[in-house]
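S.K.: The structure that follows is given in the form of structure tokens.
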Amino acid sequence: MEPTDETCRQEELAEVMRRRLEKLEQLRRSEEPFKFRFSPRDPINSLQEKYAELPAGEETEDVTRVAGRIMGLRRHGKATFCDLVDFGDKIQLLASVDGLGEERYQSFGMLDVGDWLGVEGTIFRSKRGELTVRISSYELLSKSLRPLPEKWHGLRDVETRYRQRYVDLLVNPEVRDALITRTRTIKALRRFLDERGFIEVETPMLQPIPGGATARPFVTYHNALDMQLYLRVAPELYLKRLIVGGLEKVYEINRSFRNEGISIKHNPEFTMLEFYWAFVDYMDLAGFLEEMLATVVREVNGAMRLEYQGRPLEMSPPWRRVTMLDAVAAATGQEISFERSLDDLRELARGYEVPSEAAWGKGKIITELFEKTVEPTLFEPTLVMDYPKEVSPLARIHRSNPELTERFELIVANRELANAFSELIDPIDQRERFNKQAELRRQGDEEAQFVDRDFLRALEIGMPPTGGLGLGVDRLVMLLTDAPSIRDVILFPHLRPE
RNA sequence: GCGCCCGUAGCUCAAUGGCAGAGCAGGGGACUCUUAAUCCCAAGGUUGGAGGUUCAAGUCCUCCCGGGCGUACCA
């Protein structure tokens with residue numbers, strides 16, 4: 001983009017901007033309109049706290065320096081009230097001929113809503129009860145050239161909110177609140193794991209073989225190495241290598257990328273927590289997950305009861321546990337087991353508008369039936385236990401049923417929030433599972449997993465019994481912020497270029 | 001991908017197929033405790049883009065661009 005062209009075009013289009021550019025030029029003749037610093041200063045929230053008890057109409061001699069963005073101007077001839085905001089906190093300023101003198105008051109009139117301003121003055125509380133700084137001196141810190149959205153209705157246009165998140169953040173406080181809830185959630189997760197001896201690590205996002213999830217990857221290219229690379233769909237296989245390497249408790253909170261459709265629940269890049277813990281199995285993980293989320297919800301939300309999209313959502317453990325087979329049996333009123341024939345199950349699935357593909361086995365059909373008939377009914381937290389082997393190529397075979405794995409998912413508000421299993425540590429079995437996936441891939445399944453020979457080599461070195469868990473952080477934050485869309489908890493959701 | 005809906009001034013929104021409007025912001029003026037300040041005046045538009053139907057299109061039709069929701073794939 002050519003800045004001059006863009007500026008000229010704007011000049012023709014927007015009178016507001018043309019006038020501000022003129023002001024800027026005029027200012028440049030007497031001062032630098034983009035200052036280097038304004039320090040020291042008092043944060044506005046600290047002043048609001050310090051003077052919370054100051055009664056209306058009461059003056060102080062206390063001198064303060066504050067800096068922030070002008071979010072409102074109310075001019076009354078020889079006095080002007082001004083709303084100044086820093087980090088979301090507001091304080092009122094009073095500029096007057098009395099306080100500034102004719103000349104400085106005159107040039108105060110050059111300021112616009114949106115400008116960054118630094119002032120010095122004394123604190124008082126106005127007759128109407130507003131904490132106010134009586135300005136004795138001020139300086140423009142940075143000139144704003146574009147107008148902000150209307151003060152009352154704000155910025156509503158969804159597209160503009162996503163594209164110009166910097167404006168959205170200024171005028172829609174709930175965006176800032178959601179962002180803060182997000183960082184508090186992630187900090188609470190970190191603290192919980194750190195306190196229990198987990199080590200945070202970072203593993204490759206650029207991977208020669210994308211593994212750890214059944215999903216289509218993004219493809220990219222490394223010039224110097226002349227090779228294709230993939231953006232990771234999960235950190236799983238690398239974290240498990242670390243377990244092999246003797247790091248017995250590891251976790252990573254970071255982005256993964258999946259080349260799939262965008263929806264209210266899906267962004268192409270999303271944040272996942274994955275942790276791996278040696279010597280425990282999936283039953284241990286189930287209890288640990290309950291404790292972890294209970295702790296996080298209590299820390300971030302205060303109470304264990306949330307409200308999500310108009311419905312009460314009780315997060316207190318213990319959560320309901322049900323096996324996938326029992327859940328599907330209950331939903332269909334039929335006995336669900338691997339004793340039934342493939343055709344039989346296929347016929348049943350058809351009855352629920354689940355058209356099964358030729359390559360699907362019994363496990364896949366049952367899982368699809370689950371997603372169609374059960375998942376939409378699970379609002380309160382539910383641990384769905386024992387997923388079929390066919391759809392779980394990295395999970396260990398169930399100790400009491402070879403068709404199943406020791407795997408559970410946590411479903412909350414009709415969506416998958418976490419996924420965990422007793423890890424498959426048998427290299428011979430893992431090789432067979434990879435080969436099966438490779439076969440599906442040859443048959444055209446683009447989401448089937450790749451054979452990762454180095455990962456197999458790691459398993460052959462020897463991996464201890466391990467439990468591993470992945471948690472969708474964005475989705476957890478959605479619950480905690482009552483957000484209908486994942487875009488509400490991601491600062492810059494993916495959009496097509498303007 | 002597919003289906004439905006939306007796109008009008010900087011922002012928020014109006015306008016039976018019949019002269020494109022309002023509030024806020026911005027401009028000029030009055031005003032020294034206001035806070036959605038108030039009052040007076042003036043200005044602001046290629047109705048997302050390109051075609052078409054019509055005496056006449058913001059409005060109807062086709063295509064394109066962007067967005068939202070649903071659906072499919074998935075966490």
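Here, A, B, ... name the chains of the structure tokens in the order displayed, residue numbers run from 1 inside each chain, and ligands are numbered from 1 in the same displayed order.
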Find the residues in chain B near chain A: any atom within 6 Å counts, using only C-alpha atoms (C1' of nucleotides). Write them as an NGL selection string.
M.R.: :B and (11-12 or 24 or 26 or 31-33 or 67)
S.K.: Restricting the output to N, CA, C and O atoms (P, O5', C5', C4', C3', O3' and C1' of nucleotides), write the selected residues as an mmCIF file, in the first residue's frame.
M.R.:
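Output below, filename part_17.cif:
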data_model
loop_
_atom_site.group_PDB
_atom_site.id
_atom_site.type_symbol
_atom_site.label_atom_id
_atom_site.label_comp_id
_atom_site.auth_asym_id
_atom_site.auth_seq_id
_atom_site.Cartn_x
_atom_site.Cartn_y
_atom_site.Cartn_z
ATOM 1 P P C B 11 -18.087 3.989 8.508
ATOM 2 O "O5'" C B 11 -18.750 4.140 9.949
ATOM 3 C "C5'" C B 11 -18.038 3.746 11.115
ATOM 4 C "C4'" C B 11 -18.869 4.044 12.341
ATOM 5 C "C3'" C B 11 -20.263 3.434 12.331
ATOM 6 O "O3'" C B 11 -20.247 2.094 12.797
ATOM 7 C "C1'" C B 11 -20.418 5.715 12.903
ATOM 8 P P U B 12 -21.406 1.073 12.315
ATOM 9 O "O5'" U B 12 -22.733 1.651 12.984
ATOM 10 C "C5'" U B 12 -22.957 1.527 14.385
ATOM 11 C "C4'" U B 12 -24.316 2.072 14.738
ATOM 12 C "C3'" U B 12 -25.466 1.524 13.900
ATOM 13 O "O3'" U B 12 -25.884 0.250 14.358
ATOM 14 C "C1'" U B 12 -25.657 3.881 14.081
ATOM 15 P P C B 24 -27.766 15.080 17.186
ATOM 16 O "O5'" C B 24 -26.466 14.154 17.277
ATOM 17 C "C5'" C B 24 -26.215 13.390 18.446
ATOM 18 C "C4'" C B 24 -25.075 12.424 18.199
ATOM 19 C "C3'" C B 24 -23.747 13.041 17.790
ATOM 20 O "O3'" C B 24 -23.032 13.581 18.894
ATOM 21 C "C1'" C B 24 -24.205 11.204 16.398
ATOM 22 P P G B 26 -16.936 16.128 17.016
ATOM 23 O "O5'" G B 26 -16.647 16.461 15.480
ATOM 24 C "C5'" G B 26 -15.474 15.983 14.841
ATOM 25 C "C4'" G B 26 -15.460 16.415 13.399
ATOM 26 C "C3'" G B 26 -15.661 17.903 13.155
ATOM 27 O "O3'" G B 26 -14.480 18.649 13.359
ATOM 28 C "C1'" G B 26 -17.083 16.704 11.729
ATOM 29 P P C B 31 -20.332 33.596 24.381
ATOM 30 O "O5'" C B 31 -20.748 32.476 25.427
ATOM 31 C "C5'" C B 31 -21.818 32.706 26.341
ATOM 32 C "C4'" C B 31 -22.185 31.402 27.014
ATOM 33 C "C3'" C B 31 -21.054 30.683 27.746
ATOM 34 O "O3'" C B 31 -20.830 31.221 29.042
ATOM 35 C "C1'" C B 31 -22.230 29.137 26.414
ATOM 36 P P U B 32 -19.304 31.254 29.627
ATOM 37 O "O5'" U B 32 -19.319 30.102 30.727
ATOM 38 C "C5'" U B 32 -19.327 28.734 30.354
ATOM 39 C "C4'" U B 32 -18.708 27.914 31.463
ATOM 40 C "C3'" U B 32 -19.313 28.175 32.834
ATOM 41 O "O3'" U B 32 -19.344 26.948 33.534
ATOM 42 C "C1'" U B 32 -16.998 28.574 32.915
ATOM 43 P P C B 33 -20.689 26.497 34.370
ATOM 44 O "O5'" C B 33 -20.267 25.069 34.927
ATOM 45 C "C5'" C B 33 -20.162 23.965 34.041
ATOM 46 C "C4'" C B 33 -20.405 22.683 34.813
ATOM 47 C "C3'" C B 33 -21.562 22.761 35.814
ATOM 48 O "O3'" C B 33 -22.178 21.499 35.856
ATOM 49 C "C1'" C B 33 -19.592 22.117 36.926
ATOM 50 P P G B 67 -14.774 -12.152 3.920
ATOM 51 O "O5'" G B 67 -16.033 -11.801 4.835
ATOM 52 C "C5'" G B 67 -15.905 -10.835 5.871
ATOM 53 C "C4'" G B 67 -17.251 -10.502 6.443
ATOM 54 C "C3'" G B 67 -18.019 -11.641 7.085
ATOM 55 O "O3'" G B 67 -17.524 -11.950 8.368
ATOM 56 C "C1'" G B 67 -19.487 -10.390 5.738
#
S.K.: For A:Leu456, list every protein, DNA or RNA residue within 12 Å, evaluated using only C-alpha atoms (C1' of nucleotides), and leave out those in the same chain fewer than 5 positions away; present the list as a PyMOL selection string.
M.R.: chain A and resi 237-238+240-241+244+394+424-435+450-451+461-463
S.K.: With C-alpha atoms retained, could you export that selection as a PDB file, in the first residue's frame?
M.R.:
ATOM      1  CA  LEU A 237       3.974 -36.694  18.685  1.00  0.00           C
ATOM      2  CA  TYR A 238       6.730 -34.310  19.739  1.00  0.00           C
ATOM      3  CA  LYS A 240       5.462 -37.883  23.502  1.00  0.00           C
ATOM      4  CA  ARG A 241       9.050 -37.960  22.224  1.00  0.00           C
ATOM      5  CA  VAL A 244      10.531 -40.990  25.882  1.00  0.00           C
ATOM      6  CA  LEU A 394      -2.739 -42.960  18.856  1.00  0.00           C
ATOM      7  CA  LEU A 424      -0.332 -46.092  22.876  1.00  0.00           C
ATOM      8  CA  ILE A 425       3.221 -46.995  23.882  1.00  0.00           C
ATOM      9  CA  ASP A 426       3.552 -50.345  22.121  1.00  0.00           C
ATOM     10  CA  PRO A 427       5.668 -49.634  18.998  1.00  0.00           C
ATOM     11  CA  ILE A 428       4.459 -52.738  17.188  1.00  0.00           C
ATOM     12  CA  ASP A 429       0.807 -51.788  17.642  1.00  0.00           C
ATOM     13  CA  GLN A 430       1.537 -48.158  16.740  1.00  0.00           C
ATOM     14  CA  ARG A 431       3.209 -49.260  13.507  1.00  0.00           C
ATOM     15  CA  GLU A 432       0.138 -51.274  12.569  1.00  0.00           C
ATOM     16  CA  ARG A 433      -2.132 -48.308  13.322  1.00  0.00           C
ATOM     17  CA  PHE A 434       0.007 -45.999  11.210  1.00  0.00           C
ATOM     18  CA  ASN A 435      -0.088 -48.501   8.365  1.00  0.00           C
ATOM     19  CA  PHE A 450       0.991 -40.057   8.073  1.00  0.00           C
ATOM     20  CA  VAL A 451       3.452 -42.737   9.113  1.00  0.00           C
ATOM     21  CA  ILE A 461      13.591 -46.784  22.511  1.00  0.00           C
ATOM     22  CA  GLY A 462      10.829 -47.212  25.084  1.00  0.00           C
ATOM     23  CA  MET A 463       8.032 -45.005  26.375  1.00  0.00           C
TER      24      MET A 463
END
S.K.: Can you pull out the residues contacting B:A56? Cut-off 12 Å, using only C-alpha atoms (C1' of nucleotides), and skip same-chain residues under 5 positions away; I want them as a PyMOL selection string.
M.R.: chain B and resi 17-19
S.K.: Fewer than 4 positions away in the same chain doesn't count, so skip those; otherwise give me all residues within 7 Å of stretch 487-493 of chain A, counting only C-alpha atoms (C1' of nucleotides), as an mmCIF file with C-alpha atoms, in the first residue's frame.
M.R.:
data_model
loop_
_atom_site.group_PDB
_atom_site.id
_atom_site.type_symbol
_atom_site.label_atom_id
_atom_site.label_comp_id
_atom_site.auth_asym_id
_atom_site.auth_seq_id
_atom_site.Cartn_x
_atom_site.Cartn_y
_atom_site.Cartn_z
ATOM 1 C CA TYR A 162 -12.861 -8.030 13.203
ATOM 2 C CA ARG A 165 -9.926 -4.790 16.179
ATOM 3 C CA ALA A 178 -12.998 -11.217 26.899
ATOM 4 C CA LEU A 179 -9.327 -10.693 26.132
ATOM 5 C CA ASN A 267 -10.697 -20.921 13.426
ATOM 6 C CA ASP A 474 -10.427 -20.963 22.804
ATOM 7 C CA VAL A 477 -12.625 -19.179 27.072
ATOM 8 C CA MET A 478 -15.879 -19.100 25.089
ATOM 9 C CA ALA A 483 -19.175 -16.016 23.742
#
S.K.: When DSSP works through the backbone of this structure, what residues of stretch 66-176 of chain A end up as helix (DSSP H, G or I), shown as a count of residues only?
M.R.: 28
S.K.: Could you work out how far atom CA of A:Met110 lies from atom CA of A:Leu131, giving the answer in Å with one decimal?
M.R.: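 Answer for the atom CA of A:Leu131 to atom CA of A:Met110 separation: 24.0 Å.
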S.K.: Do you have the atom CA of A:Ile186-atom CA of A:Glu371 distance handy?
M.R.: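 Value for the atom CA of A:Ile186-atom CA of A:Glu371 distance: 28.4 Å.
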S.K.: To test your reading of the structure, identify every residue in stretch 328-426 of chain A that backbone DSSP assigns to strand (DSSP E or B), and report it as a VMD selection string.
M.R.: chain A and resid 382 to 385 388 395 397 to 398 401 to 405 407 to 412 415 to 423
S.K.: Using only C-alpha atoms (C1' of nucleotides), which protein or nucleic acid residues come within 12 Å of A:Glu353? Drop anything in the same chain fewer than 5 positions from it, and give the result as a ChimeraX atom specification.
M.R.: /A:346-348,365,368-369,371-373
S.K.: Find the distance between atom CA of A:Thr377 and atom CA of A:Ile411 and write it in Å to one decimal.
M.R.: 9.9 Å
